[in-house]
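> Structure in structure tokens, see below.
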Amino acid sequence: MPVATPRRGLQMSEANASPSAQSDALENLLHENRRSPPSPEFAAPAVAQPGIYEEAAAGRPAFWAKQARELLTWEQDFTQALDWSNAPFAKWYTGGTLNAAYNALVRHVENGLGDRTAIFFEGEPGDTRTYTYAQLAEEVKKAANALESLGVAKGNRVAVYLPMIPEAVITMLACARIGAVHSVDFGGFSAEALRSRIEDAEARLVVTADGTFRRGKPSPLKPAVDAALAQDGHTVSSVLVVRRNSEPVDW
């Protein structure tokens, strides 16, 4: 990203400058026209070579249809790349169906890339975990089976109230694998805020953790879910808990 730099000789005192002078000075600082092109060696292996922009400009829907067919695996091919008949509402890839979890993981394993690292995780306490594409695909399959065993089916909503741990990614991909919809809720939300989002989504399941770590100290998460679901009127039938920091949990 270009960085604005003061022009040589520009000096101003905030205490003495008038508002208009300050505005002019700031406006001058916003003009940055220097360019730093990459070296030919660095640019050579890039996916987007210069010709790709001309190809896209020549026929945008045709360009994106080609990209979609070459880069993704479709269960059912789309019939139209862009449907603009109800402008300004656009429909892309009408008639096509695909599975996001398959495209994110399984196809790479099938193409012989299963040993490549998909996730390298480092937690706040310094714990680490590494998942290859093959390992992550297996974990997603297990999680998808667990969700289905708890009654989650295609079209159901799953509330994800987790810290930034691999299980959050696994849960989202497991939902995609079985056609469920995931709603990610920030792990710092209060019980009231979590309850409102659960109600809005009409979530069938909540996936949470016993706790997380904040500034080096254990911080509970499950009690907020308990409080959010304390009163009747919600649609949640089960709560799935990931063991993260061994905080006491009221089962």
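Just so we're on the same page: first chain in the structure tokens is A, next is B, and so on; residues restart at 1 for each chain, and ligands are numbered from 1 in the order they show up.
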Can you list, as an NGL selection string, every residue of range 63-250 of chain A that DSSP puts in strand (DSSP E or B)?

:A and (76 or 80-86 or 89-94 or 97 or 117-122 or 128-132 or 157-161 or 181-184 or 205-209 or 211-214 or 217-220 or 238-242)

> Between CA of Ala227 in chain A and CA of Leu194 in chain A, what is the distance in Å, rounded to a tenth?

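Value for the CA of Ala227 in chain A-CA of Leu194 in chain A distance: 9.4 Å.
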
> Just the residues within 8 Å of range 61-71 of chain A, please, counting only C-alpha atoms, with nothing from its chain fewer than 2 positions along; format it as a PyMOL selection string.

chain A and resi 55-56+59+73-74+81-82+93

> Using only C-alpha atoms, which protein or nucleic acid residues come within 10 Å of range 121-132 of chain A? Drop anything in the same chain fewer than 3 positions from it, and give the result as a ChimeraX atom specification.

/A:105,109,113-118,135-139,163-166,212-218,245

> For a test of reading the model, state the distance in Å between CA of Leu173 in chain A and CA of Asp210 in chain A, rounded to one decimal.

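According to the coordinates, CA of Leu173 in chain A and CA of Asp210 in chain A are separated by 21.0 Å.
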
> Residues near Phe189 in chain A, anyone? I mean within 12 Å using only C-alpha atoms, not counting same-chain ones fewer than 2 positions away, as an mmCIF file with N, CA and C atoms, in the first residue's frame.


data_model
loop_
_atom_site.group_PDB
_atom_site.id
_atom_site.type_symbol
_atom_site.label_atom_id
_atom_site.label_comp_id
_atom_site.auth_asym_id
_atom_site.auth_seq_id
_atom_site.Cartn_x
_atom_site.Cartn_y
_atom_site.Cartn_z
ATOM 1 N N VAL A 160 -22.043 -20.670 16.201
ATOM 2 C CA VAL A 160 -20.651 -21.001 16.520
ATOM 3 C C VAL A 160 -20.126 -19.932 17.473
ATOM 4 N N TYR A 161 -19.954 -20.299 18.731
ATOM 5 C CA TYR A 161 -19.506 -19.372 19.782
ATOM 6 C C TYR A 161 -18.200 -19.923 20.332
ATOM 7 N N LEU A 162 -17.135 -19.758 19.554
ATOM 8 C CA LEU A 162 -15.849 -20.379 19.844
ATOM 9 C C LEU A 162 -14.722 -19.350 19.806
ATOM 10 N N PRO A 163 -13.631 -19.636 20.501
ATOM 11 C CA PRO A 163 -12.432 -18.808 20.331
ATOM 12 C C PRO A 163 -11.760 -19.131 19.002
ATOM 13 N N VAL A 184 -21.548 -17.310 12.918
ATOM 14 C CA VAL A 184 -20.401 -17.119 13.805
ATOM 15 C C VAL A 184 -20.675 -15.953 14.751
ATOM 16 N N ASP A 185 -20.600 -16.226 16.039
ATOM 17 C CA ASP A 185 -20.822 -15.205 17.059
ATOM 18 C C ASP A 185 -19.520 -14.948 17.804
ATOM 19 N N PHE A 186 -19.152 -13.696 17.917
ATOM 20 C CA PHE A 186 -17.904 -13.291 18.558
ATOM 21 C C PHE A 186 -17.832 -13.836 19.983
ATOM 22 N N GLY A 187 -16.694 -14.443 20.318
ATOM 23 C CA GLY A 187 -16.526 -15.064 21.622
ATOM 24 C C GLY A 187 -16.556 -14.094 22.785
ATOM 25 N N ALA A 191 -24.077 -12.788 27.240
ATOM 26 C CA ALA A 191 -25.145 -13.771 27.115
ATOM 27 C C ALA A 191 -26.357 -13.167 26.398
ATOM 28 N N GLU A 192 -26.664 -11.899 26.680
ATOM 29 C CA GLU A 192 -27.812 -11.246 26.039
ATOM 30 C C GLU A 192 -27.585 -11.101 24.541
ATOM 31 N N ALA A 193 -26.385 -10.676 24.158
ATOM 32 C CA ALA A 193 -26.082 -10.515 22.738
ATOM 33 C C ALA A 193 -26.101 -11.870 22.028
ATOM 34 N N LEU A 194 -25.582 -12.893 22.679
ATOM 35 C CA LEU A 194 -25.588 -14.232 22.097
ATOM 36 C C LEU A 194 -27.016 -14.736 21.938
ATOM 37 N N ARG A 195 -27.846 -14.500 22.931
ATOM 38 C CA ARG A 195 -29.243 -14.955 22.870
ATOM 39 C C ARG A 195 -29.970 -14.318 21.686
ATOM 40 N N SER A 196 -29.758 -13.024 21.465
ATOM 41 C CA SER A 196 -30.454 -12.348 20.370
ATOM 42 C C SER A 196 -30.040 -12.919 19.025
ATOM 43 N N ARG A 197 -28.774 -13.287 18.890
ATOM 44 C CA ARG A 197 -28.298 -13.843 17.617
ATOM 45 C C ARG A 197 -28.775 -15.279 17.426
ATOM 46 N N ILE A 198 -28.865 -16.018 18.514
ATOM 47 C CA ILE A 198 -29.419 -17.372 18.433
ATOM 48 C C ILE A 198 -30.878 -17.308 17.994
ATOM 49 N N LEU A 221 -16.304 -19.631 28.646
ATOM 50 C CA LEU A 221 -17.259 -19.346 27.579
ATOM 51 C C LEU A 221 -18.603 -20.043 27.818
ATOM 52 N N LYS A 222 -18.558 -21.273 28.268
ATOM 53 C CA LYS A 222 -19.793 -22.050 28.431
ATOM 54 C C LYS A 222 -20.819 -21.368 29.330
ATOM 55 N N PRO A 223 -20.432 -20.704 30.433
ATOM 56 C CA PRO A 223 -21.452 -20.047 31.268
ATOM 57 C C PRO A 223 -22.284 -19.011 30.512
ATOM 58 N N ALA A 224 -21.692 -18.341 29.536
ATOM 59 C CA ALA A 224 -22.461 -17.367 28.753
ATOM 60 C C ALA A 224 -23.527 -18.063 27.925
ATOM 61 N N VAL A 225 -23.199 -19.246 27.405
ATOM 62 C CA VAL A 225 -24.193 -20.014 26.657
ATOM 63 C C VAL A 225 -25.306 -20.484 27.590
ATOM 64 N N ALA A 227 -26.346 -19.064 30.284
ATOM 65 C CA ALA A 227 -27.181 -17.909 30.615
ATOM 66 C C ALA A 227 -28.062 -17.508 29.436
ATOM 67 N N ALA A 228 -27.498 -17.612 28.222
ATOM 68 C CA ALA A 228 -28.263 -17.241 27.034
ATOM 69 C C ALA A 228 -29.459 -18.160 26.828
#

> Record the distance separating CA of Gln49 in chain A and CA of Leu72 in chain A, expressed in Å with one decimal.

19.7 Å

> Give me the residues near Asn145 in chain A as JSON, numbers by chain, where near means some atom within 12 Å (using only C-alpha atoms) and where sequence neighbours in that chain fewer than 6 positions away do not count.

{"A": [138, 139, 151, 152, 153, 171, 174, 175, 177, 178]}
